[in-house]
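So this block is upload-v9.cif, mmCIF, C-alpha atoms:
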```cif
data_run
#
loop_
_atom_site.group_PDB
_atom_site.id
_atom_site.type_symbol
_atom_site.label_atom_id
_atom_site.label_comp_id
_atom_site.auth_asym_id
_atom_site.auth_seq_id
_atom_site.Cartn_x
_atom_site.Cartn_y
_atom_site.Cartn_z
ATOM 1 C CA MET F 1 -55.742 59.432 99.609
ATOM 2 C CA THR F 2 -58.951 59.497 97.624
ATOM 3 C CA GLU F 3 -60.936 57.333 100.046
ATOM 4 C CA LYS F 4 -62.364 59.033 103.098
ATOM 5 C CA SER F 5 -61.145 57.532 106.344
ATOM 6 C CA SER F 6 -63.151 58.423 109.435
ATOM 7 C CA ILE F 7 -60.221 57.473 111.691
ATOM 8 C CA ILE F 8 -57.898 59.990 110.042
ATOM 9 C CA SER F 9 -60.512 62.764 109.878
ATOM 10 C CA THR F 10 -61.512 62.353 113.536
ATOM 11 C CA MET F 11 -57.930 62.262 114.751
ATOM 12 C CA THR F 12 -56.965 65.256 112.618
ATOM 13 C CA GLY F 13 -59.931 67.237 113.938
ATOM 14 C CA PHE F 14 -58.824 66.367 117.463
ATOM 15 C CA LEU F 15 -55.229 67.426 116.728
ATOM 16 C CA TYR F 16 -56.025 70.736 114.954
ATOM 17 C CA PRO F 17 -56.005 73.018 118.061
ATOM 18 C CA PHE F 18 -52.875 71.342 119.428
ATOM 19 C CA ILE F 19 -51.007 71.867 116.160
ATOM 20 C CA VAL F 20 -51.953 75.563 116.139
ATOM 21 C CA LEU F 21 -51.059 75.959 119.817
ATOM 22 C CA PHE F 22 -47.708 74.189 119.386
ATOM 23 C CA GLY F 23 -46.856 76.264 116.307
ATOM 24 C CA PHE F 24 -47.586 79.582 118.025
ATOM 25 C CA TYR F 25 -45.771 78.399 121.158
ATOM 26 C CA ILE F 26 -42.642 77.679 119.098
ATOM 27 C CA ILE F 27 -42.899 81.089 117.407
ATOM 28 C CA ALA F 28 -43.570 83.039 120.600
ATOM 29 C CA ASN F 29 -40.711 81.424 122.528
ATOM 30 C CA GLY F 30 -38.325 81.265 119.603
ATOM 31 C CA HIS F 31 -36.057 84.026 120.896
ATOM 32 C CA ASN F 32 -34.870 82.148 123.993
ATOM 33 C CA THR F 33 -35.866 78.478 123.537
ATOM 34 C CA PRO F 34 -35.370 76.098 120.603
ATOM 35 C CA GLY F 35 -37.485 76.929 117.638
ATOM 36 C CA GLY F 36 -38.313 80.171 115.962
ATOM 37 C CA GLY F 37 -40.153 81.584 113.017
ATOM 38 C CA PHE F 38 -39.268 78.941 110.480
ATOM 39 C CA GLN F 39 -39.947 75.933 112.724
ATOM 40 C CA GLY F 40 -43.208 77.314 114.077
ATOM 41 C CA GLY F 41 -44.297 78.326 110.604
ATOM 42 C CA SER F 42 -43.711 74.842 109.247
ATOM 43 C CA VAL F 43 -45.682 73.361 112.169
ATOM 44 C CA ILE F 44 -48.594 75.670 111.311
ATOM 45 C CA ALA F 45 -48.234 74.674 107.650
ATOM 46 C CA ALA F 46 -48.620 71.040 108.817
ATOM 47 C CA LEU F 47 -52.152 72.042 109.815
ATOM 48 C CA PHE F 48 -53.067 72.785 106.205
ATOM 49 C CA ILE F 49 -51.252 69.649 105.075
ATOM 50 C CA ALA F 50 -53.369 67.598 107.501
ATOM 51 C CA ARG F 51 -56.466 69.321 106.182
ATOM 52 C CA TYR F 52 -55.425 68.444 102.631
ATOM 53 C CA LEU F 53 -55.009 64.780 103.663
ATOM 54 C CA VAL F 54 -58.498 64.677 105.148
ATOM 55 C CA LEU F 55 -60.372 66.835 102.684
ATOM 56 C CA PRO F 56 -58.592 67.438 99.365
ATOM 57 C CA VAL F 57 -60.777 70.318 98.164
ATOM 58 C CA ASP F 58 -59.516 73.434 96.457
ATOM 59 C CA ASP F 59 -61.616 76.082 98.201
ATOM 60 C CA PHE F 60 -58.757 78.441 99.028
ATOM 61 C CA ASN F 61 -58.308 81.562 97.004
ATOM 62 C CA MET F 62 -54.701 81.140 95.879
ATOM 63 C CA ASP F 63 -54.361 84.783 94.782
ATOM 64 C CA THR F 64 -55.318 86.012 98.252
ATOM 65 C CA LEU F 65 -52.763 83.664 99.813
ATOM 66 C CA HIS F 66 -50.107 85.028 97.461
ATOM 67 C CA TYR F 67 -50.958 88.639 98.284
ATOM 68 C CA VAL F 68 -50.949 88.013 102.049
ATOM 69 C CA GLU F 69 -47.601 86.211 101.789
ATOM 70 C CA LYS F 70 -46.088 89.118 99.870
ATOM 71 C CA ALA F 71 -47.518 91.578 102.395
ATOM 72 C CA PHE F 72 -45.778 89.648 105.174
ATOM 73 C CA LEU F 73 -42.536 89.833 103.195
ATOM 74 C CA VAL F 74 -42.908 93.618 102.921
ATOM 75 C CA PHE F 75 -43.535 93.936 106.678
ATOM 76 C CA LEU F 76 -40.561 91.652 107.284
ATOM 77 C CA LEU F 77 -38.330 94.081 105.381
ATOM 78 C CA LEU F 78 -39.952 97.239 106.785
ATOM 79 C CA LEU F 79 -39.623 96.367 110.471
ATOM 80 C CA PRO F 80 -35.785 96.186 110.577
ATOM 81 C CA ILE F 81 -35.585 99.263 108.369
ATOM 82 C CA VAL F 82 -37.730 101.196 110.854
ATOM 83 C CA PHE F 83 -36.243 99.728 114.040
ATOM 84 C CA ILE F 84 -32.603 98.783 113.439
ATOM 85 C CA PHE F 85 -31.359 101.296 110.844
ATOM 86 C CA PRO F 86 -32.147 104.491 112.836
ATOM 87 C CA GLY F 87 -30.442 102.889 115.862
ATOM 88 C CA LEU F 88 -33.636 102.600 117.935
ATOM 89 C CA HIS F 89 -32.517 99.205 119.279
ATOM 90 C CA LEU F 90 -29.674 100.959 121.140
ATOM 91 C CA LEU F 91 -31.864 103.794 122.350
ATOM 92 C CA TYR F 92 -34.820 101.732 123.629
ATOM 93 C CA GLU F 93 -33.334 98.420 124.764
ATOM 94 C CA GLN F 94 -36.602 97.358 126.435
ATOM 95 C CA PHE F 95 -38.157 96.941 122.949
ATOM 96 C CA ASN F 96 -35.566 94.443 121.739
ATOM 97 C CA VAL F 97 -37.417 91.326 122.971
ATOM 98 C CA PRO F 98 -40.813 92.422 121.570
ATOM 99 C CA TYR F 99 -39.019 93.218 118.318
ATOM 100 C CA LEU F 100 -37.638 89.664 118.137
ATOM 101 C CA ILE F 101 -41.057 88.164 118.904
ATOM 102 C CA VAL F 102 -42.734 90.247 116.197
ATOM 103 C CA MET F 103 -40.025 89.324 113.697
ATOM 104 C CA ASN F 104 -40.430 85.636 114.548
ATOM 105 C CA PHE F 105 -44.191 85.964 114.144
ATOM 106 C CA LEU F 106 -43.807 87.595 110.717
ATOM 107 C CA ILE F 107 -41.306 84.937 109.613
ATOM 108 C CA GLY F 108 -43.614 82.184 110.894
ATOM 109 C CA MET F 109 -46.610 83.515 109.009
ATOM 110 C CA LYS F 110 -44.583 83.960 105.843
ATOM 111 C CA VAL F 111 -43.141 80.421 106.052
ATOM 112 C CA SER F 112 -46.477 78.791 106.834
ATOM 113 C CA LEU F 113 -48.199 80.575 103.962
ATOM 114 C CA GLY F 114 -45.317 79.757 101.616
ATOM 115 C CA LEU F 115 -45.306 76.049 102.483
ATOM 116 C CA THR F 116 -49.110 75.926 102.230
ATOM 117 C CA ILE F 117 -48.954 77.500 98.780
ATOM 118 C CA ILE F 118 -46.298 74.987 97.691
ATOM 119 C CA VAL F 119 -48.353 72.021 98.902
ATOM 120 C CA PHE F 120 -51.584 73.272 97.367
ATOM 121 C CA ARG F 121 -49.920 74.123 94.072
ATOM 122 C CA PHE F 122 -48.493 70.619 93.993
ATOM 123 C CA GLY F 123 -51.592 68.843 95.263
ATOM 124 C CA PHE F 124 -54.074 70.542 92.964
ATOM 125 C CA PHE F 125 -51.779 70.771 89.965
ATOM 126 C CA ARG F 126 -53.696 70.226 86.742
ATOM 127 C CA GLU F 127 -51.992 69.459 83.486
ATOM 128 C CA GLY F 128 -52.519 71.602 80.447
ATOM 129 C CA MET X 1 -24.428 55.342 128.364
ATOM 130 C CA ASN X 2 -28.153 55.328 127.598
ATOM 131 C CA THR X 3 -27.636 58.106 125.091
ATOM 132 C CA ILE X 4 -25.039 56.059 123.235
ATOM 133 C CA VAL X 5 -27.383 53.052 123.056
ATOM 134 C CA ALA X 6 -30.284 55.208 121.865
ATOM 135 C CA GLU X 7 -28.076 56.887 119.285
ATOM 136 C CA ALA X 8 -26.815 53.550 117.958
ATOM 137 C CA ALA X 9 -30.343 52.147 117.805
ATOM 138 C CA LEU X 10 -31.659 55.212 115.958
ATOM 139 C CA LEU X 11 -28.778 55.175 113.494
ATOM 140 C CA LEU X 12 -29.417 51.465 112.851
ATOM 141 C CA VAL X 13 -33.122 52.177 112.270
ATOM 142 C CA MET X 14 -32.119 54.941 109.848
ATOM 143 C CA ALA X 15 -29.849 52.599 107.889
ATOM 144 C CA LEU X 16 -32.537 49.898 107.827
ATOM 145 C CA MET X 17 -35.204 52.327 106.630
ATOM 146 C CA ALA X 18 -32.898 53.701 103.942
ATOM 147 C CA LEU X 19 -32.281 50.167 102.671
ATOM 148 C CA LEU X 20 -35.998 49.313 102.773
ATOM 149 C CA THR X 21 -36.801 52.511 100.873
ATOM 150 C CA ILE X 22 -34.605 51.374 98.002
ATOM 151 C CA LYS X 23 -35.500 47.715 98.092
ATOM 152 C CA THR X 24 -39.284 47.777 98.430
ATOM 153 C CA GLN X 25 -41.364 47.031 95.340
ATOM 154 C CA ILE X 26 -44.336 49.157 96.446
ATOM 155 C CA LEU X 27 -43.647 52.865 95.993
ATOM 156 C CA ARG X 28 -46.229 53.863 98.597
ATOM 157 C CA MET X 29 -44.351 51.818 101.192
ATOM 158 C CA ALA X 30 -41.105 53.512 100.153
ATOM 159 C CA ILE X 31 -42.664 56.875 101.085
ATOM 160 C CA VAL X 32 -43.713 55.524 104.490
ATOM 161 C CA TYR X 33 -40.194 54.185 105.110
ATOM 162 C CA MET X 34 -38.775 57.572 104.154
ATOM 163 C CA GLY X 35 -41.058 59.238 106.697
ATOM 164 C CA ILE X 36 -39.803 56.887 109.433
ATOM 165 C CA PHE X 37 -36.241 57.629 108.292
ATOM 166 C CA SER X 38 -36.897 61.358 108.725
ATOM 167 C CA LEU X 39 -38.441 60.880 112.154
ATOM 168 C CA SER X 40 -35.454 58.874 113.410
ATOM 169 C CA ALA X 41 -33.152 61.491 111.901
ATOM 170 C CA SER X 42 -34.960 64.193 113.879
ATOM 171 C CA LEU X 43 -34.574 62.143 117.091
ATOM 172 C CA VAL X 44 -30.859 61.828 116.348
ATOM 173 C CA TYR X 45 -30.714 65.626 115.981
ATOM 174 C CA VAL X 46 -32.289 65.930 119.446
ATOM 175 C CA LEU X 47 -29.566 63.659 120.836
ATOM 176 C CA TYR X 48 -26.952 65.828 119.132
ATOM 177 C CA ARG X 49 -28.486 68.875 120.928
ATOM 178 C CA ALA X 50 -29.942 70.540 117.859
ATOM 179 C CA PRO X 51 -33.661 70.740 118.707
ATOM 180 C CA ASP X 52 -34.172 73.536 116.201
ATOM 181 C CA VAL X 53 -33.131 71.320 113.337
ATOM 182 C CA ALA X 54 -35.103 68.413 114.812
ATOM 183 C CA ILE X 55 -38.403 70.326 114.683
ATOM 184 C CA ALA X 56 -37.808 71.417 111.095
ATOM 185 C CA GLU X 57 -36.751 67.911 110.045
ATOM 186 C CA ALA X 58 -39.781 66.259 111.677
ATOM 187 C CA VAL X 59 -42.296 68.617 110.095
ATOM 188 C CA ILE X 60 -40.745 68.956 106.669
ATOM 189 C CA GLY X 61 -39.103 65.532 106.261
ATOM 190 C CA SER X 62 -41.982 63.359 107.332
ATOM 191 C CA GLY X 63 -44.929 65.684 106.760
ATOM 192 C CA LEU X 64 -44.440 67.904 103.787
ATOM 193 C CA VAL X 65 -42.091 65.803 101.675
ATOM 194 C CA ALA X 66 -44.167 62.661 102.229
ATOM 195 C CA LEU X 67 -47.275 64.497 101.094
ATOM 196 C CA LEU X 68 -45.540 65.895 98.016
ATOM 197 C CA TYR X 69 -44.312 62.412 97.074
ATOM 198 C CA LEU X 70 -47.766 60.920 97.685
ATOM 199 C CA SER X 71 -49.462 63.419 95.411
ATOM 200 C CA ALA X 72 -46.767 62.933 92.765
ATOM 201 C CA LEU X 73 -47.242 59.157 92.994
ATOM 202 C CA LYS X 74 -51.003 59.541 92.698
ATOM 203 C CA ARG X 75 -50.561 61.498 89.510
ATOM 204 C CA TYR X 76 -47.872 59.580 87.669
ATOM 205 C CA ARG X 77 -48.235 55.915 88.333
ATOM 206 C CA VAL X 78 -46.826 53.869 85.497
ATOM 207 C CA TYR X 79 -48.752 50.711 84.754
ATOM 208 C CA THR X 80 -46.712 48.255 82.744
ATOM 209 C CA ILE X 81 -48.475 45.914 80.351
ATOM 210 C CA GLY X 82 -46.315 43.102 79.072
ATOM 211 C CA VAL X 83 -47.355 41.631 75.741
ATOM 212 C CA VAL X 84 -46.048 38.170 74.950
ATOM 213 C CA GLY X 85 -46.740 36.574 71.592
ATOM 214 C CA SER X 86 -46.140 32.864 72.029
ATOM 215 C CA ASN X 87 -46.793 32.029 68.362
ATOM 216 C CA MET X 88 -44.613 34.899 67.164
ATOM 217 C CA PRO X 89 -40.967 33.891 67.350
ATOM 218 C CA ASN X 90 -39.777 37.193 65.902
ATOM 219 C CA VAL X 91 -41.354 40.403 67.108
ATOM 220 C CA SER X 92 -41.330 42.664 64.069
ATOM 221 C CA ASP X 93 -42.493 46.231 63.589
ATOM 222 C CA ARG X 94 -45.464 44.987 61.608
ATOM 223 C CA HIS X 95 -46.472 42.709 64.463
ATOM 224 C CA ILE X 96 -46.174 45.532 67.004
ATOM 225 C CA LEU X 97 -48.285 47.819 64.820
ATOM 226 C CA ARG X 98 -50.939 45.142 64.537
ATOM 227 C CA MET X 99 -50.896 44.561 68.291
ATOM 228 C CA GLU X 100 -51.101 48.277 69.029
ATOM 229 C CA ARG X 101 -54.305 48.448 67.056
ATOM 230 C CA ASN X 102 -55.617 45.524 69.064
ATOM 231 C CA ALA X 103 -58.897 46.459 70.710
ATOM 232 C CA VAL X 104 -58.164 44.704 73.988
ATOM 233 C CA ILE X 105 -54.822 46.433 74.524
ATOM 234 C CA ASN X 106 -56.390 49.780 73.675
ATOM 235 C CA ASP X 107 -59.206 49.087 76.115
ATOM 236 C CA ILE X 108 -56.746 48.300 78.899
ATOM 237 C CA ALA X 109 -54.696 51.398 78.122
ATOM 238 C CA GLY X 110 -57.817 53.585 78.170
ATOM 239 C CA PHE X 111 -58.866 51.995 81.436
ATOM 240 C CA CYS X 112 -55.443 52.783 82.932
ATOM 241 C CA VAL X 113 -55.732 56.434 81.863
ATOM 242 C CA GLU X 114 -59.163 56.614 83.490
ATOM 243 C CA ARG X 115 -57.711 55.348 86.756
ATOM 244 C CA GLU X 116 -54.880 57.933 86.605
ATOM 245 C CA ARG X 117 -52.248 55.366 85.715
ATOM 246 C CA GLU X 118 -49.868 55.911 82.885
ATOM 247 C CA PRO X 119 -50.023 52.838 80.647
ATOM 248 C CA GLN X 120 -46.791 51.555 79.211
ATOM 249 C CA THR X 121 -46.869 48.630 76.806
ATOM 250 C CA VAL X 122 -43.838 46.386 76.566
ATOM 251 C CA PHE X 123 -43.522 43.819 73.765
ATOM 252 C CA SER X 124 -41.157 40.993 74.482
ATOM 253 C CA GLN X 125 -40.060 37.652 73.163
ATOM 254 C CA GLU X 126 -39.999 36.056 76.584
ATOM 255 C CA SER X 127 -41.986 32.900 77.132
ATOM 256 C CA ILE X 128 -45.052 33.283 79.311
ATOM 257 C CA ASP X 129 -43.349 31.640 82.292
ATOM 258 C CA GLU X 130 -40.418 34.051 82.113
ATOM 259 C CA ALA X 131 -42.777 37.003 81.767
ATOM 260 C CA LEU X 132 -44.762 35.964 84.830
ATOM 261 C CA LEU X 133 -41.561 35.703 86.862
ATOM 262 C CA ASN X 134 -40.581 39.187 85.713
ATOM 263 C CA THR X 135 -41.877 41.453 88.478
ATOM 264 C CA ASN X 136 -41.816 44.581 86.323
ATOM 265 C CA TYR X 137 -45.076 43.685 84.576
ATOM 266 C CA ASP X 138 -48.360 44.587 86.225
ATOM 267 C CA ILE X 139 -50.383 42.671 83.655
ATOM 268 C CA VAL X 140 -49.152 40.128 81.133
ATOM 269 C CA ILE X 141 -51.055 39.553 77.918
ATOM 270 C CA GLU X 142 -50.460 36.379 75.932
ATOM 271 C CA GLU X 143 -51.720 36.136 72.404
ATOM 272 C CA TYR X 144 -52.587 32.855 70.765
ATOM 273 C CA GLU X 145 -54.562 31.821 67.682
ATOM 274 C CA GLY X 146 -57.904 33.595 67.873
ATOM 275 C CA GLY X 147 -57.717 34.742 71.454
ATOM 276 C CA ILE X 148 -55.961 36.513 74.251
ATOM 277 C CA ARG X 149 -55.077 35.440 77.770
ATOM 278 C CA LEU X 150 -54.698 38.088 80.429
ATOM 279 C CA TYR X 151 -52.552 37.222 83.441
ATOM 280 C CA GLY X 152 -52.904 39.384 86.526
ATOM 281 C CA HIS X 153 -51.490 39.146 90.003
ATOM 282 C CA ASP X 154 -54.146 37.974 92.443
ATOM 283 C CA GLU X 155 -53.542 40.965 94.747
ATOM 284 C CA ASN X 156 -53.919 43.374 91.865
ATOM 285 C CA TYR X 157 -57.370 44.845 92.368
ATOM 286 C CA LEU X 158 -57.376 46.463 88.943
ATOM 287 C CA VAL X 159 -57.581 43.004 87.388
ATOM 288 C CA ASP X 160 -60.983 42.434 88.978
ATOM 289 C CA GLU X 161 -62.291 45.667 87.517
ATOM 290 C CA LEU X 162 -60.798 44.820 84.111
ATOM 291 C CA GLU X 163 -62.513 41.420 84.188
ATOM 292 C CA LEU X 164 -65.815 43.105 84.988
ATOM 293 C CA LEU X 165 -65.255 45.613 82.177
ATOM 294 C CA PHE X 166 -64.603 42.913 79.615
ATOM 295 C CA SER X 167 -67.499 40.776 80.795
ATOM 296 C CA ILE X 168 -69.863 43.666 80.050
ATOM 297 C CA ARG X 169 -68.333 44.829 76.785
ATOM 298 C CA ASP X 170 -68.781 42.914 73.501
ATOM 299 C CA ARG X 171 -65.611 41.694 71.890
ATOM 300 C CA ASP X 172 -64.638 39.746 68.820
ATOM 301 C CA GLN X 173 -61.736 37.899 70.418
ATOM 302 C CA GLU X 174 -61.783 35.168 72.996
ATOM 303 C CA LEU X 175 -60.438 36.509 76.300
ATOM 304 C CA GLU X 176 -59.799 34.778 79.560
ATOM 305 C CA VAL X 177 -58.434 36.248 82.769
ATOM 306 C CA ILE X 178 -56.042 34.127 84.811
ATOM 307 C CA ARG X 179 -54.792 35.007 88.286
ATOM 308 C CA PHE X 180 -51.374 34.023 89.492
ATOM 309 C CA ARG X 181 -49.588 34.309 92.781
ATOM 310 C CA ALA X 182 -46.206 35.992 92.799
ATOM 311 C CA GLY X 183 -43.365 33.497 92.806
ATOM 312 C CA ALA X 184 -45.674 30.487 92.593
ATOM 313 C CA GLY X 185 -46.499 30.577 88.905
ATOM 314 C CA ILE X 186 -50.045 30.109 87.639
#
```
Before anything else, please render the file you have as structure tokens.
Amino acid sequence: MTEKSSIISTMTGFLYPFIVLFGFYIIANGHNTPGGGFQGGSVIAALFIARYLVLPVDDFNMDTLHYVEKAFLVFLLLLPIVFIFPGLHLLYEQFNVPYLIVMNFLIGMKVSLGLTIIVFRFGFFREG
Amino acid sequence: MNTIVAEAALLLVMALMALLTIKTQILRMAIVYMGIFSLSASLVYVLYRAPDVAIAEAVIGSGLVALLYLSALKRYRVYTIGVVGSNMPNVSDRHILRMERNAVINDIAGFCVEREREPQTVFSQESIDEALLNTNYDIVIEEYEGGIRLYGHDENYLVDELELLFSIRDRDQELEVIRFRAGAGI
């Protein structure tokens, strides 16, 4: 993992857009096809894992990642409170599918950030 | 019919990979086998009509977990140094203390720490032939009157670097490096 391999870096660079596309596809179609927020989020997290394999540098600001992840958690709790609890999902049934897509998107972002944080914490762990 | 054959083949591959994961001597290979195990498990989930679980298993089982194990392995690799005293029939505490102060053993241990390996020194009363057959040792050190012999596996690339290190550094003891092939003796 310490040696640089041009095969792996070239192939990973080639695969980057497809990983992102596949992840967002899984999230966006999660409400009526296999997949969903968690699966799509872990596919997007695989992007950062691949980046770690190619280039193990610690140039992410971990605090920012933490804050963004917590913000997604807050939105994740707020959206059902705003939409489901007042009974809006019965009143405006045409918004149910967009609601599911937005929820899946929030879950996907939260999961991908969480898994990325776990991997980076583990990969760049320093003793002492 | 085809589904049954594919399912049986995948389950067999899973069992084989699980066995290989336990049996292999090289930990890095065990991680690779575990990744293949996860991938076949995710294909089995597809056959069982659970594509949701299959996606999660493929990404997490063979991507994330493999990476976590690889970084853990990189950090804590135990390097076992076997010390065999052929002229010492009884290994006593005094003997071990004397050997632990030995410059060569300290040099090797420091070298292991530099290369992110955790050195572990094992003193034993085995004869040198028994120690070389014992696959748990990465390096075997034999002490004799006025000198030290260092036995390393010929695929062990650290031995080359150790030999280079000791050829540069001054030392008061005679030291020779001997390569052996696994299973074939010296």
Could the residues of chain F within 8 Å of chain X, counting only C-alpha atoms, be given as a ChimeraX atom specification, please?
/F:34-36,38-39,42-43,46,49,119,122-123
Quick check, in Å to one decimal: how far apart do CA of Tyr151 (chain X) and CA of Ile178 (chain X) lie?
4.9 Å
Just give me the gap between CA of Arg121 (chain F) and CA of Thr64 (chain F) in Å, one decimal is fine.
13.7 Å
Can you give me, as a short mmCIF file (atom, residue, chain, number, x, y, z; two decimals) with C-alpha atoms, keeping the file's coordinate frame, the residues this file yields under the PyMOL selection byres ((chain F and resi 76) around 12)?
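Printed below is out30.cif as written:
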```
data_model
loop_
_atom_site.label_atom_id
_atom_site.label_comp_id
_atom_site.auth_asym_id
_atom_site.auth_seq_id
_atom_site.Cartn_x
_atom_site.Cartn_y
_atom_site.Cartn_z
CA GLY F 37 -40.15 81.58 113.02
CA GLU F 69 -47.60 86.21 101.79
CA LYS F 70 -46.09 89.12 99.87
CA ALA F 71 -47.52 91.58 102.40
CA PHE F 72 -45.78 89.65 105.17
CA LEU F 73 -42.54 89.83 103.20
CA VAL F 74 -42.91 93.62 102.92
CA PHE F 75 -43.54 93.94 106.68
CA LEU F 77 -38.33 94.08 105.38
CA LEU F 78 -39.95 97.24 106.78
CA LEU F 79 -39.62 96.37 110.47
CA PRO F 80 -35.78 96.19 110.58
CA ILE F 81 -35.58 99.26 108.37
CA VAL F 82 -37.73 101.20 110.85
CA PHE F 83 -36.24 99.73 114.04
CA TYR F 99 -39.02 93.22 118.32
CA LEU F 100 -37.64 89.66 118.14
CA VAL F 102 -42.73 90.25 116.20
CA MET F 103 -40.02 89.32 113.70
CA ASN F 104 -40.43 85.64 114.55
CA PHE F 105 -44.19 85.96 114.14
CA LEU F 106 -43.81 87.60 110.72
CA ILE F 107 -41.31 84.94 109.61
CA GLY F 108 -43.61 82.18 110.89
CA MET F 109 -46.61 83.52 109.01
CA LYS F 110 -44.58 83.96 105.84
CA VAL F 111 -43.14 80.42 106.05
#
```
Taken to one decimal, the CA of Tyr16 (chain F)-CA of Leu47 (chain F) distance is 6.6 Å
Neighbour list for His66 (chain F) as number ranges by chain, cut-off 9 Å, all atoms listed in the file, skip fewer than 4 positions in-chain
F: 61-62, 70-71, 113-114, 117
Mind working out the centre and edge lengths of an axis-aligned box for region 114-119 of chain F, all listed atoms inside, 3 Å added to each side, rounded to one decimal in Å and written as AutoDock Vina command-line options?
```
--center_x -47.2 --center_y 75.9 --center_z 100.1 --size_x 9.8 --size_y 13.7 --size_z 10.8
```
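Restricting the calculation to only C-alpha atoms, the smallest distance between Val104 (chain X) and any of X:Ala8, X:Leu39, X:Ile148, X:Ala66 is found for X:Ile148.
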Name every residue that the PyMOL selection byres ((chain X and resi 138) around 6) selects in this structure, writing the answer as a PDB file with C-alpha atoms, keeping the file's coordinate frame with chains first and numbers rising.
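Once everything was written out, this is expr.pdb:
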```
ATOM      1  CA  THR X  80     -46.712  48.255  82.744  1.00  0.00           C
ATOM      2  CA  TYR X 137     -45.076  43.685  84.576  1.00  0.00           C
ATOM      3  CA  ILE X 139     -50.383  42.671  83.655  1.00  0.00           C
TER       4      ILE X 139
END
```
Atom completion result for region 113-127 of chain F (N, CA and C atoms) as a CSV table (one decimal), in the frame of the given file:
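Output (part-v5.csv):
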```csv
chain,number,residue,atom,x,y,z
F,113,LEU,N,-47.5,80.3,105.2
F,113,LEU,CA,-48.2,80.6,104.0
F,113,LEU,C,-47.4,80.0,102.8
F,114,GLY,N,-46.1,80.2,102.8
F,114,GLY,CA,-45.3,79.8,101.6
F,114,GLY,C,-45.4,78.3,101.5
F,115,LEU,N,-45.3,77.5,102.6
F,115,LEU,CA,-45.3,76.0,102.5
F,115,LEU,C,-46.7,75.6,102.1
F,116,THR,N,-47.7,76.3,102.6
F,116,THR,CA,-49.1,75.9,102.2
F,116,THR,C,-49.3,76.1,100.7
F,117,ILE,N,-48.8,77.2,100.2
F,117,ILE,CA,-49.0,77.5,98.8
F,117,ILE,C,-48.3,76.4,98.0
F,118,ILE,N,-47.0,76.0,98.4
F,118,ILE,CA,-46.3,75.0,97.7
F,118,ILE,C,-47.1,73.7,97.7
F,119,VAL,N,-47.6,73.3,98.8
F,119,VAL,CA,-48.4,72.0,98.9
F,119,VAL,C,-49.6,72.1,98.1
F,120,PHE,N,-50.3,73.2,98.1
F,120,PHE,CA,-51.6,73.3,97.4
F,120,PHE,C,-51.3,73.4,95.9
F,121,ARG,N,-50.3,74.1,95.5
F,121,ARG,CA,-49.9,74.1,94.1
F,121,ARG,C,-49.6,72.7,93.6
F,122,PHE,N,-48.9,72.0,94.4
F,122,PHE,CA,-48.5,70.6,94.0
F,122,PHE,C,-49.7,69.7,94.0
F,123,GLY,N,-50.5,69.8,95.1
F,123,GLY,CA,-51.6,68.8,95.3
F,123,GLY,C,-52.7,69.0,94.2
F,124,PHE,N,-53.0,70.3,93.9
F,124,PHE,CA,-54.1,70.5,93.0
F,124,PHE,C,-53.6,70.9,91.6
F,125,PHE,N,-52.3,70.5,91.3
F,125,PHE,CA,-51.8,70.8,90.0
F,125,PHE,C,-52.6,70.1,88.9
F,126,ARG,N,-53.0,70.8,87.9
F,126,ARG,CA,-53.7,70.2,86.7
F,126,ARG,C,-52.8,70.4,85.5
F,127,GLU,N,-52.8,69.4,84.7
F,127,GLU,CA,-52.0,69.5,83.5
F,127,GLU,C,-52.7,70.3,82.4
```
